[in-house]
Amino acid sequence: MTRIHDMGGRFGDGPVVPEPEHVKFHADWHPRALAITLACGTLGLWNIDVSRHARESLSPKDYGRFSYYEKWMAALADLLVETGAVTRAELEQGVSESVSNLADKRLVAAAVAGVLAKGGPATRDSNLAPFYAVGDVVTIRAMPENVMVPGGHTRLPSYAAGASGTIVRLHGAHVLPDSNAHRLGEAPEPLYAVAVKARDIWAHPEHPEDEVILDLWQSYLSAP
Amino acid sequence: MRGKCGLGLWTFVNVRAHDPPMPHDHSDHDHPHSLLPSDPALRVKALETILTQKGLIDPAALDEIIDTYENKIGPKNGAHVVARAWSDPDFKAALLDDADPVLAEMDYYGRQGEHMVVVENTDAVHNMVVCTLCSCYPWPLLGIPPGWYKSDAYRARAVREPRKVLAEFGVTLPEGQAVRVWDSTAEVRYLVLPQRPEGTEGLDEAALMALVTRDSMIGCGLAARP
């Protein structure tokens with residue numbers, strides 16, 4: 001297992017409850033939580049993989065009981081302290097001790113549209129050539145763990161670990177989250193869409209032809 | 001007394017920005033977030049106050065972000081793409097072949113949609129999208145994800161029992177149609193191109209757009225019938 005966020009295939013969660021398209025938020029503070037998180041993300045103190053890892057590093061008890069935006073807020077507070085942008089005393093007292101030396105980097109209203117439109121592409125040049133081609137059969141790493149950092153971030157879900165699959169797409173070289181989440185460099189690698197038969201990962205597949213397709217980095221894969 | 005909750009008894013952990021932070025597993029009370037008020041609304045308010053005072057956020061920028069996702073970016077964008085693909089075979093071929101330049105041309109490029117792949121439903125295959133590890137979703141085309149997409153139930157069940165999940169949306173697939181569930185484990189975002197409903201031959205792009213539901217572009221619904 002990796003961590004509590006890795007819940008694909010888990011039993012016992014109950015029904016999925018559809019909702020109408022006009023519902024955007026479920027509490028007044030939700031849009032604020034979203035906007036604060038996005039605005040802080042533009043300060044350049046962390047990357048998307050660091051922020052995902054911060055959410056996953058919430059204790060299983062907190063992760064389980066927190067709603068979606070509560071997880072965001074908790075991870076944001078943890079990251080702000082970890083990077084020194086905010087102190088523990090400031091969080092506890094609810095007031096700022098001093099203006100940040102990053103204040104000139106804050107996202108201003110006029111820049112919002114441009115920043116959201118620009119995004120943050122994850123494709124990079126890589127000197128690693130793709131080992132696999134569409135149609136190749138591969139084996140997914142048996143251990144759904146970060147092999148560089150014990151307990152570290154990975155994007156290999158445990159339900160697919162050890163399964164065989166078929167390459168259906170090559171996405172080009174993408175930043176490797178297992179490295180980037182720990183500020184060990186972007187380490188780009190070829191990224192593939194890999195199709196796994198439902199019958200190869202579940203004891204009771206719903207249909208013999210159903211498949212799950214995952215995006216997996218080259219170092220997650222080996223030749224069978 | 002170490003480890004008890006009281007300011008001054010905390011073990012402070014200072015992580016410098018240039019050190020690679022290792023995974024940091026603490027008891028619940030060691031996480032800095034536990035210093036904030038426990039009520040989530042007050043927690044957000046407290047963070048916004050501190051960050052504004054420190055000059056790290058601009059409240060007007062927050063308003064702008066909220067306005068963008070409440071009013072400007074939503075499933076209409078995706079519906080526009082789908083209706084055009086239903087109407088124009090060359091556009092559809094280009095979209096399925098390499099979506100990014102096609103979407104950039106329509107001004108639907110942006111945060112959480114930097115690497116798009118469009119997957120087409122056919123009589124043989126029904127596609128469905130999930131993110132089991134968090135809640136990755138094509139924001140420039142669909143806006144922010146609905147509550148159910150982010151729920152534990154959807155994340156846990158979509159990969160194991162997609163047909164049972166579809167039934168909860170009122171969708172039953174024919175036995176001959178296989179399900180392909182795309183788990184968004186990287187920065188690639190997926191949009192489902194639903195099947196064009198029967199009886200829509202004479203409809204123009206605007207009329208077709210009205211039939212394209214958000215859920216049909218995630219693969220949890222079908223396009224509406226006119």
# chains A, B, ... in the order shown; residues from 1 in each chain; ligands from 1
$ residues_around --residues "Ala160 (chain A)" --least-positions-apart "5" --cutoff "10 Å" --atoms "only C-alpha atoms" --output "mmCIF file with N, CA and C atoms, in the first residue's frame"
data_model
loop_
_atom_site.group_PDB
_atom_site.id
_atom_site.type_symbol
_atom_site.label_atom_id
_atom_site.label_comp_id
_atom_site.auth_asym_id
_atom_site.auth_seq_id
_atom_site.Cartn_x
_atom_site.Cartn_y
_atom_site.Cartn_z
ATOM 1 N N GLY A 8 -8.321 3.428 -5.045
ATOM 2 C CA GLY A 8 -8.931 2.765 -6.196
ATOM 3 C C GLY A 8 -9.181 1.293 -5.916
ATOM 4 N N GLY A 9 -10.434 0.846 -6.079
ATOM 5 C CA GLY A 9 -10.777 -0.555 -5.878
ATOM 6 C C GLY A 9 -11.256 -0.889 -4.475
ATOM 7 N N THR A 139 4.963 -5.157 -17.723
ATOM 8 C CA THR A 139 4.579 -5.507 -16.354
ATOM 9 C C THR A 139 4.739 -4.265 -15.493
ATOM 10 N N ILE A 140 3.712 -3.987 -14.695
ATOM 11 C CA ILE A 140 3.739 -2.826 -13.803
ATOM 12 C C ILE A 140 4.451 -3.226 -12.507
ATOM 13 N N ARG A 141 5.277 -2.335 -11.994
ATOM 14 C CA ARG A 141 6.037 -2.599 -10.773
ATOM 15 C C ARG A 141 5.135 -3.206 -9.680
ATOM 16 N N ALA A 142 5.655 -4.226 -9.014
ATOM 17 C CA ALA A 142 4.848 -4.940 -8.017
ATOM 18 C C ALA A 142 4.659 -4.122 -6.747
ATOM 19 N N MET A 143 5.599 -3.211 -6.477
ATOM 20 C CA MET A 143 5.511 -2.444 -5.236
ATOM 21 C C MET A 143 5.013 -1.029 -5.534
ATOM 22 N N PRO A 144 3.805 -0.677 -5.112
ATOM 23 C CA PRO A 144 3.284 0.662 -5.401
ATOM 24 C C PRO A 144 3.861 1.690 -4.422
ATOM 25 N N GLY A 165 -0.006 -5.200 -18.585
ATOM 26 C CA GLY A 165 -0.880 -4.346 -19.381
ATOM 27 C C GLY A 165 -0.290 -4.150 -20.761
ATOM 28 N N VAL A 196 -5.041 -2.185 -18.738
ATOM 29 C CA VAL A 196 -5.025 -3.406 -17.932
ATOM 30 C C VAL A 196 -6.424 -4.004 -17.983
ATOM 31 N N ALA A 198 -9.682 -5.668 -16.691
ATOM 32 C CA ALA A 198 -10.327 -5.733 -15.374
ATOM 33 C C ALA A 198 -10.169 -7.127 -14.772
ATOM 34 N N ASP A 200 -7.729 -9.043 -14.938
ATOM 35 C CA ASP A 200 -6.370 -9.278 -14.420
ATOM 36 C C ASP A 200 -6.119 -8.582 -13.085
ATOM 37 N N ILE A 201 -7.003 -7.691 -12.681
ATOM 38 C CA ILE A 201 -6.787 -6.994 -11.401
ATOM 39 C C ILE A 201 -7.907 -7.218 -10.386
ATOM 40 N N TRP A 202 -9.060 -7.681 -10.829
ATOM 41 C CA TRP A 202 -10.176 -7.892 -9.883
ATOM 42 C C TRP A 202 -10.587 -9.355 -9.899
ATOM 43 N N VAL A 212 -9.099 -1.011 -17.424
ATOM 44 C CA VAL A 212 -8.717 0.233 -16.765
ATOM 45 C C VAL A 212 -7.433 0.697 -17.441
ATOM 46 N N ILE A 213 -7.363 2.001 -17.723
ATOM 47 C CA ILE A 213 -6.162 2.532 -18.368
ATOM 48 C C ILE A 213 -5.527 3.541 -17.431
ATOM 49 N N LEU A 214 -4.237 3.374 -17.193
ATOM 50 C CA LEU A 214 -3.515 4.262 -16.286
ATOM 51 C C LEU A 214 -2.370 4.933 -17.030
#
$ interface_residues --of "chain A" --to "chain B" --cutoff "6 Å" --atoms "only C-alpha atoms" --output "ChimeraX atom specification"
/A:5-10,13,16-17,29,31,35,74,77-78,82-83,91-92,94-96,99-100,103,106,108-109,116-119,121,152,155,182-183,209-215
$ residues_around --residues "region 202-212 of chain B" --least-positions-apart "5" --cutoff "7 Å" --atoms "only C-alpha atoms" --output "list in words"
Ala79, His80, Ala83, Arg84, Ser87, Ala223, Ala224, Arg225 and Pro226 of chain B
$ select_by_dssp --residues "region 1-222 of chain A" --states "strand (DSSP E)" --output "PDB file with N, CA and C atoms, in the first residue's frame"
ATOM      1  N   VAL A 137       3.465  -5.377 -24.544  1.00  0.00           N
ATOM      2  CA  VAL A 137       2.976  -5.821 -23.243  1.00  0.00           C
ATOM      3  C   VAL A 137       4.041  -5.491 -22.197  1.00  0.00           C
ATOM      4  N   VAL A 138       3.616  -4.941 -21.073  1.00  0.00           N
ATOM      5  CA  VAL A 138       4.549  -4.541 -20.009  1.00  0.00           C
ATOM      6  C   VAL A 138       4.038  -5.079 -18.671  1.00  0.00           C
ATOM      7  N   THR A 139       4.963  -5.157 -17.723  1.00  0.00           N
ATOM      8  CA  THR A 139       4.579  -5.507 -16.354  1.00  0.00           C
ATOM      9  C   THR A 139       4.739  -4.265 -15.493  1.00  0.00           C
ATOM     10  N   ILE A 140       3.712  -3.987 -14.695  1.00  0.00           N
ATOM     11  CA  ILE A 140       3.739  -2.826 -13.803  1.00  0.00           C
ATOM     12  C   ILE A 140       4.451  -3.226 -12.507  1.00  0.00           C
ATOM     13  N   SER A 164      -0.040  -7.041 -15.536  1.00  0.00           N
ATOM     14  CA  SER A 164       0.455  -6.845 -16.896  1.00  0.00           C
ATOM     15  C   SER A 164      -0.533  -5.980 -17.658  1.00  0.00           C
ATOM     16  N   GLY A 165      -0.006  -5.200 -18.585  1.00  0.00           N
ATOM     17  CA  GLY A 165      -0.880  -4.346 -19.381  1.00  0.00           C
ATOM     18  C   GLY A 165      -0.290  -4.150 -20.761  1.00  0.00           C
ATOM     19  N   THR A 166      -1.024  -3.416 -21.581  1.00  0.00           N
ATOM     20  CA  THR A 166      -0.599  -3.152 -22.959  1.00  0.00           C
ATOM     21  C   THR A 166      -0.495  -1.643 -23.153  1.00  0.00           C
ATOM     22  N   ILE A 167       0.605  -1.214 -23.767  1.00  0.00           N
ATOM     23  CA  ILE A 167       0.775   0.212 -24.055  1.00  0.00           C
ATOM     24  C   ILE A 167      -0.241   0.628 -25.118  1.00  0.00           C
ATOM     25  N   VAL A 168      -1.052   1.652 -24.806  1.00  0.00           N
ATOM     26  CA  VAL A 168      -2.009   2.141 -25.805  1.00  0.00           C
ATOM     27  C   VAL A 168      -1.678   3.546 -26.300  1.00  0.00           C
ATOM     28  N   ARG A 169      -0.793   4.251 -25.608  1.00  0.00           N
ATOM     29  CA  ARG A 169      -0.431   5.601 -26.021  1.00  0.00           C
ATOM     30  C   ARG A 169       0.919   5.957 -25.427  1.00  0.00           C
ATOM     31  N   LEU A 170       1.685   6.740 -26.153  1.00  0.00           N
ATOM     32  CA  LEU A 170       2.892   7.364 -25.601  1.00  0.00           C
ATOM     33  C   LEU A 170       2.595   8.860 -25.512  1.00  0.00           C
ATOM     34  N   HIS A 171       2.733   9.416 -24.289  1.00  0.00           N
ATOM     35  CA  HIS A 171       2.393  10.830 -24.085  1.00  0.00           C
ATOM     36  C   HIS A 171       3.592  11.765 -24.226  1.00  0.00           C
ATOM     37  N   GLY A 172       4.765  11.235 -24.534  1.00  0.00           N
ATOM     38  CA  GLY A 172       5.968  12.063 -24.499  1.00  0.00           C
ATOM     39  C   GLY A 172       6.599  11.977 -23.124  1.00  0.00           C
ATOM     40  N   ALA A 173       7.648  12.778 -22.886  1.00  0.00           N
ATOM     41  CA  ALA A 173       8.338  12.744 -21.593  1.00  0.00           C
ATOM     42  C   ALA A 173       7.703  13.748 -20.639  1.00  0.00           C
ATOM     43  N   HIS A 174       7.361  13.268 -19.442  1.00  0.00           N
ATOM     44  CA  HIS A 174       6.728  14.117 -18.416  1.00  0.00           C
ATOM     45  C   HIS A 174       7.567  14.123 -17.144  1.00  0.00           C
ATOM     46  N   GLU A 189      10.635  11.532 -17.755  1.00  0.00           N
ATOM     47  CA  GLU A 189      10.690  10.178 -18.337  1.00  0.00           C
ATOM     48  C   GLU A 189       9.542  10.026 -19.322  1.00  0.00           C
ATOM     49  N   PRO A 190       9.669   9.099 -20.275  1.00  0.00           N
ATOM     50  CA  PRO A 190       8.513   8.784 -21.120  1.00  0.00           C
ATOM     51  C   PRO A 190       7.330   8.335 -20.260  1.00  0.00           C
ATOM     52  N   LEU A 191       6.152   8.818 -20.650  1.00  0.00           N
ATOM     53  CA  LEU A 191       4.907   8.499 -19.943  1.00  0.00           C
ATOM     54  C   LEU A 191       3.996   7.770 -20.924  1.00  0.00           C
ATOM     55  N   TYR A 192       3.379   6.694 -20.447  1.00  0.00           N
ATOM     56  CA  TYR A 192       2.540   5.866 -21.314  1.00  0.00           C
ATOM     57  C   TYR A 192       1.147   5.697 -20.734  1.00  0.00           C
ATOM     58  N   ALA A 193       0.149   5.543 -21.605  1.00  0.00           N
ATOM     59  CA  ALA A 193      -1.152   5.039 -21.165  1.00  0.00           C
ATOM     60  C   ALA A 193      -1.096   3.522 -21.305  1.00  0.00           C
ATOM     61  N   VAL A 194      -1.370   2.835 -20.205  1.00  0.00           N
ATOM     62  CA  VAL A 194      -1.260   1.375 -20.170  1.00  0.00           C
ATOM     63  C   VAL A 194      -2.632   0.780 -19.852  1.00  0.00           C
ATOM     64  N   ALA A 195      -3.116  -0.091 -20.735  1.00  0.00           N
ATOM     65  CA  ALA A 195      -4.433  -0.716 -20.540  1.00  0.00           C
ATOM     66  C   ALA A 195      -4.272  -2.037 -19.803  1.00  0.00           C
ATOM     67  N   VAL A 196      -5.041  -2.185 -18.738  1.00  0.00           N
ATOM     68  CA  VAL A 196      -5.025  -3.406 -17.932  1.00  0.00           C
ATOM     69  C   VAL A 196      -6.424  -4.004 -17.983  1.00  0.00           C
ATOM     70  N   LYS A 197      -6.520  -5.290 -18.214  1.00  0.00           N
ATOM     71  CA  LYS A 197      -7.838  -5.931 -18.235  1.00  0.00           C
ATOM     72  C   LYS A 197      -8.413  -5.998 -16.819  1.00  0.00           C
ATOM     73  N   GLU A 211     -11.761  -2.687 -19.205  1.00  0.00           N
ATOM     74  CA  GLU A 211     -10.349  -2.354 -18.972  1.00  0.00           C
ATOM     75  C   GLU A 211     -10.236  -1.113 -18.093  1.00  0.00           C
ATOM     76  N   VAL A 212      -9.099  -1.011 -17.424  1.00  0.00           N
ATOM     77  CA  VAL A 212      -8.717   0.233 -16.765  1.00  0.00           C
ATOM     78  C   VAL A 212      -7.433   0.697 -17.441  1.00  0.00           C
ATOM     79  N   ILE A 213      -7.363   2.001 -17.723  1.00  0.00           N
ATOM     80  CA  ILE A 213      -6.162   2.532 -18.368  1.00  0.00           C
ATOM     81  C   ILE A 213      -5.527   3.541 -17.431  1.00  0.00           C
ATOM     82  N   LEU A 214      -4.237   3.374 -17.193  1.00  0.00           N
ATOM     83  CA  LEU A 214      -3.515   4.262 -16.286  1.00  0.00           C
ATOM     84  C   LEU A 214      -2.370   4.933 -17.030  1.00  0.00           C
ATOM     85  N   ASP A 215      -2.033   6.154 -16.617  1.00  0.00           N
ATOM     86  CA  ASP A 215      -0.842   6.814 -17.143  1.00  0.00           C
ATOM     87  C   ASP A 215       0.324   6.460 -16.220  1.00  0.00           C
ATOM     88  N   LEU A 216       1.336   5.804 -16.800  1.00  0.00           N
ATOM     89  CA  LEU A 216       2.440   5.295 -15.977  1.00  0.00           C
ATOM     90  C   LEU A 216       3.778   5.671 -16.598  1.00  0.00           C
ATOM     91  N   TRP A 217       4.733   6.035 -15.750  1.00  0.00           N
ATOM     92  CA  TRP A 217       6.051   6.443 -16.202  1.00  0.00           C
ATOM     93  C   TRP A 217       6.895   5.209 -16.525  1.00  0.00           C
ATOM     94  N   LEU A 221       7.550   0.562 -15.169  1.00  0.00           N
ATOM     95  CA  LEU A 221       7.241  -0.565 -16.062  1.00  0.00           C
ATOM     96  C   LEU A 221       8.469  -1.413 -16.339  1.00  0.00           C
ATOM     97  N   SER A 222       8.241  -2.682 -16.650  1.00  0.00           N
ATOM     98  CA  SER A 222       9.338  -3.504 -17.149  1.00  0.00           C
ATOM     99  C   SER A 222       8.783  -4.425 -18.235  1.00  0.00           C
TER     100      SER A 222
END
$ atom_distance --atom1 "CA of Thr37 (chain A)" --atom2 "CA of Leu76 (chain A)"
6.7 Å
$ select_by_dssp --residues "region 18-183 of chain A" --states "helix (DSSP H, G or I)" --output "number ranges by chain"
A: 29-41, 48-56, 60-65, 68-82, 88-93, 103-105, 109-118, 158-160, 177-180
$ write_last_selection --atoms "C-alpha atoms" --output "PDB file, in the first residue's frame"
ATOM      1  CA  TRP A  29     -16.024  29.006   2.409  1.00  0.00           C
ATOM      2  CA  HIS A  30     -15.317  26.508  -0.408  1.00  0.00           C
ATOM      3  CA  PRO A  31     -14.674  29.068  -3.174  1.00  0.00           C
ATOM      4  CA  ARG A  32     -12.432  31.018  -0.793  1.00  0.00           C
ATOM      5  CA  ALA A  33     -10.436  27.868   0.029  1.00  0.00           C
ATOM      6  CA  LEU A  34     -10.035  27.119  -3.669  1.00  0.00           C
ATOM      7  CA  ALA A  35      -8.886  30.638  -4.492  1.00  0.00           C
ATOM      8  CA  ILE A  36      -6.440  30.928  -1.566  1.00  0.00           C
ATOM      9  CA  THR A  37      -4.843  27.626  -2.562  1.00  0.00           C
ATOM     10  CA  LEU A  38      -4.482  28.606  -6.218  1.00  0.00           C
ATOM     11  CA  ALA A  39      -3.152  32.055  -5.324  1.00  0.00           C
ATOM     12  CA  CYS A  40      -0.538  30.633  -2.923  1.00  0.00           C
ATOM     13  CA  GLY A  41       0.483  28.107  -5.555  1.00  0.00           C
ATOM     14  CA  ILE A  48       2.088  20.468  -7.959  1.00  0.00           C
ATOM     15  CA  ASP A  49       3.725  17.220  -6.847  1.00  0.00           C
ATOM     16  CA  VAL A  50       4.880  18.739  -3.545  1.00  0.00           C
ATOM     17  CA  SER A  51       1.334  19.971  -2.916  1.00  0.00           C
ATOM     18  CA  ARG A  52      -0.221  16.587  -3.738  1.00  0.00           C
ATOM     19  CA  HIS A  53       2.227  14.915  -1.383  1.00  0.00           C
ATOM     20  CA  ALA A  54       1.320  17.385   1.368  1.00  0.00           C
ATOM     21  CA  ARG A  55      -2.363  16.384   1.067  1.00  0.00           C
ATOM     22  CA  GLU A  56      -1.493  12.703   1.057  1.00  0.00           C
ATOM     23  CA  PRO A  60      -5.139   8.821   7.724  1.00  0.00           C
ATOM     24  CA  LYS A  61      -7.536   9.963  10.430  1.00  0.00           C
ATOM     25  CA  ASP A  62      -7.527  13.563   9.145  1.00  0.00           C
ATOM     26  CA  TYR A  63      -7.633  12.518   5.482  1.00  0.00           C
ATOM     27  CA  GLY A  64     -10.655  10.345   6.181  1.00  0.00           C
ATOM     28  CA  ARG A  65     -12.664  12.905   8.131  1.00  0.00           C
ATOM     29  CA  TYR A  68     -12.144  17.978  -0.012  1.00  0.00           C
ATOM     30  CA  TYR A  69     -11.403  21.638   0.652  1.00  0.00           C
ATOM     31  CA  GLU A  70     -10.494  20.933   4.286  1.00  0.00           C
ATOM     32  CA  LYS A  71      -7.715  18.712   2.953  1.00  0.00           C
ATOM     33  CA  TRP A  72      -6.619  21.561   0.708  1.00  0.00           C
ATOM     34  CA  MET A  73      -6.564  24.037   3.606  1.00  0.00           C
ATOM     35  CA  ALA A  74      -4.736  21.694   5.950  1.00  0.00           C
ATOM     36  CA  ALA A  75      -2.068  20.837   3.389  1.00  0.00           C
ATOM     37  CA  LEU A  76      -1.695  24.514   2.492  1.00  0.00           C
ATOM     38  CA  ALA A  77      -1.126  25.488   6.123  1.00  0.00           C
ATOM     39  CA  ASP A  78       1.440  22.704   6.468  1.00  0.00           C
ATOM     40  CA  LEU A  79       3.265  23.783   3.283  1.00  0.00           C
ATOM     41  CA  LEU A  80       3.292  27.452   4.281  1.00  0.00           C
ATOM     42  CA  VAL A  81       4.991  26.573   7.560  1.00  0.00           C
ATOM     43  CA  GLU A  82       7.308  24.025   5.959  1.00  0.00           C
ATOM     44  CA  ARG A  88       3.481  28.382  13.568  1.00  0.00           C
ATOM     45  CA  ALA A  89       2.928  31.313  15.913  1.00  0.00           C
ATOM     46  CA  GLU A  90       1.150  33.234  13.148  1.00  0.00           C
ATOM     47  CA  LEU A  91      -1.159  30.289  12.498  1.00  0.00           C
ATOM     48  CA  GLU A  92      -1.901  29.894  16.170  1.00  0.00           C
ATOM     49  CA  GLN A  93      -2.447  33.585  16.887  1.00  0.00           C
ATOM     50  CA  ALA A 103       4.941  40.017  -1.066  1.00  0.00           C
ATOM     51  CA  ASP A 104       6.073  41.383  -4.429  1.00  0.00           C
ATOM     52  CA  LYS A 105       5.424  37.951  -5.947  1.00  0.00           C
ATOM     53  CA  ALA A 109      -6.194  40.438  -9.747  1.00  0.00           C
ATOM     54  CA  ALA A 110      -5.034  41.694 -13.131  1.00  0.00           C
ATOM     55  CA  ALA A 111      -2.719  38.686 -13.541  1.00  0.00           C
ATOM     56  CA  VAL A 112      -5.283  35.983 -12.702  1.00  0.00           C
ATOM     57  CA  ALA A 113      -6.672  35.362 -16.187  1.00  0.00           C
ATOM     58  CA  GLY A 114      -3.192  35.116 -17.676  1.00  0.00           C
ATOM     59  CA  VAL A 115      -1.905  32.746 -15.002  1.00  0.00           C
ATOM     60  CA  LEU A 116      -4.904  30.391 -15.268  1.00  0.00           C
ATOM     61  CA  ALA A 117      -4.704  30.413 -19.071  1.00  0.00           C
ATOM     62  CA  LYS A 118      -0.966  29.721 -19.047  1.00  0.00           C
ATOM     63  CA  SER A 158      -1.768  -0.154  -5.578  1.00  0.00           C
ATOM     64  CA  TYR A 159      -4.649  -1.819  -7.435  1.00  0.00           C
ATOM     65  CA  ALA A 160      -2.526  -1.990 -10.613  1.00  0.00           C
ATOM     66  CA  PRO A 177       6.315  13.044  -9.574  1.00  0.00           C
ATOM     67  CA  ASP A 178       8.274  10.559  -7.425  1.00  0.00           C
ATOM     68  CA  SER A 179      11.295  12.836  -7.754  1.00  0.00           C
ATOM     69  CA  ASN A 180       9.691  16.254  -8.134  1.00  0.00           C
TER      70      ASN A 180
END
